[in-house]
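Q: One structure is given below, represented as structure tokens, and several questions about it will come after.
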Amino acid sequence: MIKTKVLVIGSGPGGYTAAFRAADLGNEVTLIESHKTLGGVCLNVGCIPSKTLLHTAEVINEAKHANELGVTFKSPKIDIDGVRKNKEAIVSKLTGGIQALAKARKVKVITGYAKFLSKNQVALDGTDEVIEFEQCIIATGSRVTKFPMFPFEDKRVMDSTDALMLDDIPKRMLVVGGGIIGLEMATIYDALGSEITMVELGNQIIPVADKDIVTPLFKKIKKTYANVFLNTKVTKMTAAKKGIKVEFEGKDAPESDTFDKVLVAVGRTPNGLLIDAEKAGVNIDKSGFIATNNQMKTNVDNIFAIGDIVGQPMLAHKATHEAKVAAEVISGKKTGFNALTIPSVAYTDPEVAWTGKTEKELIEAGVKFDKGVFPWAASGRSLSIGRSEGVSKALFDAESGKILGMGICGNHAGDLISEATLAIEMGCDMSDIALTIHAHPTLSETTAFAAEMAEGTITDLMPPRKKK
Ligand code: NAD
């Protein structure tokens with residue numbers, strides 16, 4: 001039997017961060033991972049490979065539009081094996097790096113699938129190996145949601161992991177789900193040459209975000225893709241010889257159509273029900289989520305949970321933050337998860353990012369707010385890079401002027417959103433942002449301009465209204 005002080009189950013961004021922080025704080029740590037490589041979904045089949053392929057897509061698209069700058073490139077010749085190889089090299093570099101960091105910290109890494117036996121023991125599934133622990137951090141993440149109505153047994157029906165394998169470039173591809181994964185994968189396959197049709201159940205793409213913030217992206221994909229069907233449901237999917245036949249229910253969609261490949265991206269399911277956590281006395285809800293307090297403690301005193309398994313949003317940066325809290329609490333530090341906001345980013349083209357409250361959340365909650373909306377068409381920098389379609393929207397409390405939220409659609413929106421995230425954490429008001437000198441000409445100025453639009457001090461456009 002292996003004995004350890006701290007056991008971390010799962011080595012995604014949450015798990016490895018928890019293990020490393022706990023080790024750095026002087027604990028003896030064991031990390032169990034069922035896959036051969038460390039890094040979980042994010043590093044192996046999620047954030048990192050998708051962002052690598054999105055960069056490839058960006059290069060292709062930039063070259064395609066270079067003629068607007070007076071430079072013409074020939075049509076790109078895509079070597080799919082080369083594209084895949086580059087992606088795999090980046091993934092190996094990062095997963096290898098995590099392995100090396102584990103070794104340097106003397107974190108014991110075990111390959112296997114852990115299932116609880118009790119509140120102090122797990123067994124490695126399919127073996128006699130038992131690991132006894134004093135404290136445990138569950139970081140087992142989530143998996144792709146698979147509805148039985150989609151025939152995944154046919155290789156032409158893909159989930160995001162399959163799509164990232166880049167087996168081929170289908171001629172006609174259907175993307176089911178206009179959420180972040182569907183949109184990012186559609187960006188990649190569109191650039192590589194597939195004809196994309198997207199179907200989304202909701203009345204807008206990325207239904208959780210404000211509509212005006214996704215509009216520039218929506219306009220672009222409406223123009224580029226073969227079809228984008230909103231308010232539309234897939235009612236049936238059948239694998240036929242000449243393709244995947246899909247039946248739709250929606251005002252604008254045809255009754256049926258046949259595609260060479262289909263990507264289903266309709267959400268992820270937490271892995272809480274797969275690890276026998278009930279044998280340790282841990283409460284799990286029927287969806288598979290495990291509830292914790294703000295110290296990431298479950299209902300069982302020595303068992304913590306972090307990341308996708310504890311709830312939405314299922315984002316790597318939320319998991320890493322929670323991981324540090326759990327490791328520090330285990331090490332006796334008085335800390336808790338007190339973040340005021342967790343930013344969200346869709347790495348599409350243009351990117352969409354938001355932080356704090358959305359406008360629709362504020363309206364629903366009856367909060368009185370001021371809003372500043374800056375169209376990027378008035379930004380010198382966005383014009384000079386040929387990307388004037390963006391928009392930045394800042395939301396402020398009507399009385400105190402404190403920033404409540406921000407949404408950005410445009411090039412590098414994912415990088416730009418950090419300023420508003422910090423502003424929310426620091427309790428900044430609109431003058432703090434508007435009076436901060438932003439370097440010119442940068443895309444970051446658009447955040448200050450959005451604050452100036454709310455204040456009425458903008459000079460690069462006509463102010464929407466006058467304020468003292
Ligand atoms: P999602 O929940 O973000 O989006 C799924 C979309 O599918 C929704 O818009 C939903 O309305 C739609 N949908 C559901 N059932 C449908 C149906 N039958 N027909 C048509 N549309 C349907 O889920 P996702 O895009 O699969 O992403 C999963 C998780 O992974 C999310 O939590 C996401 O935030 C996270 N993720 C984040 C990033 C990032 O941070 N860039 C990237 C990838 C994934």
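Ordering of the structure tokens sets the chain letters (A, B, ...); residue numbers start at 1 within each chain; ligands are numbered from 1 in the order shown.
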So which residues touch A:Glu62 within 12 Å, counting only C-alpha atoms, skipping near sequence neighbours fewer than 3 positions away, as an MDAnalysis selection string?

A: chainID A and resid 55:59 65:69 71:73 75:76 191 349 385:387

Q: Could the residues that lie within 7 Å of ligand 1, counting only C-alpha atoms and all ligand atoms, be listed as a PyMOL selection string?

A: chain A and resi 46-47+176-182+199-202+205-207+232-234+265-268+312-315+344-347

Q: Among stretch 126-252 of chain A, which ones does DSSP place in alpha helix (DSSP H), written as a ChimeraX atom specification?

A: /A:160-165,180-192,211-224

Q: Pick out the closest residue to A:Val325 from this set: A:Ile275, A:Ile131, A:Ile137, A:Val122. Count only C-alpha atoms.

A: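 Closest candidate: A:Ile137.
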
Q: Which is closest to A:Val262 among A:Asp276, A:Asp159, A:Glu33, A:Asp301, if we use only C-alpha atoms?

A: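 When distances to A:Val262 are compared using only C-alpha atoms, the smallest one comes from A:Asp159.
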
Q: Between A:Ala18, A:Leu416, A:Ala102, A:Ile306, which has the minimum distance to A:Val352 (counting only C-alpha atoms)?

A: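 Smallest distance to A:Val352 is found for A:Leu416.
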
Q: Skip A:Gly380 itself and residues of its chain fewer than 6 positions away, then list as a list in words all residues within 9 Å of it, counting only C-alpha atoms.

A: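 The filter keeps Ser388, His440, Pro441, Thr442 and Leu443 of chain A.
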
Q: Can you measure atom CA of A:Asp210 to atom CA of A:Leu435 for me? One decimal in Å is fine.

A: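 These atoms are spaced 26.3 Å apart.
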
Q: Between A:Gln135, A:Ser384, A:Thr37, A:Thr258, which one has atoms that come closest to A:Leu94, using only C-alpha atoms?

A: A:Thr37

Q: Between A:Gly250, A:Gly82, A:Gly414, A:Gly366, which one has atoms that come closest to A:Pro343, using only C-alpha atoms?

A: A:Gly414

Q: Ranking A:Thr140, A:Thr52, A:Ser400, A:Thr358 by minimum distance to A:Asp212 and counting only C-alpha atoms, which one comes first?

A: A:Thr358

Q: Please provide the set of residues having any atom within 8 Å of A:Val228, restricted to only C-alpha atoms, with same-chain residues fewer than 3 positions apart removed, written as a PyMOL selection string.

A: chain A and resi 197-200+221-222+225

Q: Excluding same-chain residues fewer than 4 positions from stretch 85-91 of chain A, what lies within 9 Å of it counting only C-alpha atoms, as a PDB file with N, CA, C and O atoms, in the first residue's frame?

A:
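See selection-v6.pdb below for the written result:
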ATOM      1  N   LEU A  43      -4.486  20.526 -21.713  1.00  0.00           N
ATOM      2  CA  LEU A  43      -3.208  20.459 -22.426  1.00  0.00           C
ATOM      3  C   LEU A  43      -3.222  19.446 -23.571  1.00  0.00           C
ATOM      4  O   LEU A  43      -2.609  19.661 -24.608  1.00  0.00           O
ATOM      5  N   ASN A  44      -3.934  18.326 -23.368  1.00  0.00           N
ATOM      6  CA  ASN A  44      -3.868  17.244 -24.353  1.00  0.00           C
ATOM      7  C   ASN A  44      -4.894  17.362 -25.473  1.00  0.00           C
ATOM      8  O   ASN A  44      -4.571  17.177 -26.638  1.00  0.00           O
ATOM      9  N   VAL A  45      -6.151  17.622 -25.092  1.00  0.00           N
ATOM     10  CA  VAL A  45      -7.212  17.618 -26.110  1.00  0.00           C
ATOM     11  C   VAL A  45      -8.184  18.790 -25.910  1.00  0.00           C
ATOM     12  O   VAL A  45      -9.386  18.644 -26.099  1.00  0.00           O
ATOM     13  N   ILE A  48      -4.948  23.881 -25.393  1.00  0.00           N
ATOM     14  CA  ILE A  48      -3.656  24.082 -26.072  1.00  0.00           C
ATOM     15  C   ILE A  48      -3.678  23.619 -27.538  1.00  0.00           C
ATOM     16  O   ILE A  48      -3.339  24.400 -28.436  1.00  0.00           O
ATOM     17  N   PRO A  49      -4.096  22.367 -27.828  1.00  0.00           N
ATOM     18  CA  PRO A  49      -4.155  22.005 -29.255  1.00  0.00           C
ATOM     19  C   PRO A  49      -5.116  22.895 -30.044  1.00  0.00           C
ATOM     20  O   PRO A  49      -4.811  23.269 -31.184  1.00  0.00           O
ATOM     21  N   SER A  50      -6.241  23.298 -29.419  1.00  0.00           N
ATOM     22  CA  SER A  50      -7.180  24.137 -30.184  1.00  0.00           C
ATOM     23  C   SER A  50      -6.572  25.509 -30.467  1.00  0.00           C
ATOM     24  O   SER A  50      -6.727  26.042 -31.557  1.00  0.00           O
ATOM     25  N   LYS A  51      -5.862  26.065 -29.484  1.00  0.00           N
ATOM     26  CA  LYS A  51      -5.275  27.387 -29.733  1.00  0.00           C
ATOM     27  C   LYS A  51      -4.146  27.303 -30.758  1.00  0.00           C
ATOM     28  O   LYS A  51      -3.928  28.231 -31.529  1.00  0.00           O
ATOM     29  N   THR A  52      -3.431  26.181 -30.776  1.00  0.00           N
ATOM     30  CA  THR A  52      -2.377  26.016 -31.783  1.00  0.00           C
ATOM     31  C   THR A  52      -3.014  25.979 -33.171  1.00  0.00           C
ATOM     32  O   THR A  52      -2.544  26.659 -34.099  1.00  0.00           O
ATOM     33  N   LEU A  53      -4.102  25.224 -33.310  1.00  0.00           N
ATOM     34  CA  LEU A  53      -4.768  25.142 -34.617  1.00  0.00           C
ATOM     35  C   LEU A  53      -5.439  26.470 -34.974  1.00  0.00           C
ATOM     36  O   LEU A  53      -5.512  26.844 -36.143  1.00  0.00           O
ATOM     37  N   ILE A  80      -1.900  18.691 -44.136  1.00  0.00           N
ATOM     38  CA  ILE A  80      -2.622  18.355 -42.910  1.00  0.00           C
ATOM     39  C   ILE A  80      -1.725  17.620 -41.903  1.00  0.00           C
ATOM     40  O   ILE A  80      -1.827  17.821 -40.699  1.00  0.00           O
ATOM     41  N   ASP A  81      -0.800  16.793 -42.441  1.00  0.00           N
ATOM     42  CA  ASP A  81       0.122  16.082 -41.533  1.00  0.00           C
ATOM     43  C   ASP A  81       1.036  17.074 -40.818  1.00  0.00           C
ATOM     44  O   ASP A  81       1.331  16.926 -39.637  1.00  0.00           O
ATOM     45  N   THR A  95       3.178  19.099 -22.003  1.00  0.00           N
ATOM     46  CA  THR A  95       2.920  17.983 -21.090  1.00  0.00           C
ATOM     47  C   THR A  95       4.249  17.469 -20.515  1.00  0.00           C
ATOM     48  O   THR A  95       4.332  17.123 -19.344  1.00  0.00           O
ATOM     49  N   GLY A  96       5.283  17.485 -21.339  1.00  0.00           N
ATOM     50  CA  GLY A  96       6.626  17.091 -20.864  1.00  0.00           C
ATOM     51  C   GLY A  96       7.112  18.060 -19.798  1.00  0.00           C
ATOM     52  O   GLY A  96       7.737  17.668 -18.810  1.00  0.00           O
TER      53      GLY A  96
END

Q: Looking only at strand (DSSP E or B) from DSSP on the backbone, list the matching residues of stretch 26-186 of chain A as a ChimeraX atom specification.

A: /A:29-33,108-111,114-118,121-124,130-138,142-144,157-158,172-176

Q: If we count only C-alpha atoms, what is near A:His317 at a cut-off of 9 Å, once residues fewer than 6 positions away on the same chain are taken out, given as a list in words?

A: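 Listing them by chain and then by number gives Pro13, Gly14, Gly307, Ile342 and Pro343 of chain A.
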
Q: Include all heavy atoms and write out the residues we just selected as a CSV table (one decimal), in the first residue's frame.

A:
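Saved as again_21.csv:
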chain,number,residue,atom,x,y,z
A,13,PRO,N,-5.2,21.3,-15.5
A,13,PRO,CA,-4.6,22.5,-14.9
A,13,PRO,C,-5.0,22.7,-13.4
A,13,PRO,O,-4.2,23.2,-12.6
A,13,PRO,CB,-5.3,23.6,-15.7
A,13,PRO,CG,-5.7,23.0,-17.0
A,13,PRO,CD,-5.9,21.6,-16.7
A,14,GLY,N,-6.2,22.2,-13.0
A,14,GLY,CA,-6.6,22.2,-11.6
A,14,GLY,C,-5.7,21.2,-10.8
A,14,GLY,O,-5.0,21.6,-9.8
A,307,GLY,N,-12.2,22.7,-9.9
A,307,GLY,CA,-12.3,22.6,-11.3
A,307,GLY,C,-13.7,22.3,-11.8
A,307,GLY,O,-14.7,22.6,-11.2
A,342,ILE,N,-14.8,35.8,-13.1
A,342,ILE,CA,-13.9,34.8,-13.8
A,342,ILE,C,-14.2,35.1,-15.3
A,342,ILE,O,-15.3,35.0,-15.8
A,342,ILE,CB,-14.4,33.4,-13.6
A,342,ILE,CG1,-14.3,33.0,-12.1
A,342,ILE,CG2,-13.6,32.4,-14.4
A,342,ILE,CD1,-15.2,31.9,-11.6
A,343,PRO,N,-13.2,35.6,-16.0
A,343,PRO,CA,-13.4,36.0,-17.4
A,343,PRO,C,-13.7,34.8,-18.3
A,343,PRO,O,-13.2,33.7,-18.0
A,343,PRO,CB,-12.1,36.7,-17.8
A,343,PRO,CG,-11.1,36.2,-16.9
A,343,PRO,CD,-11.8,35.9,-15.6
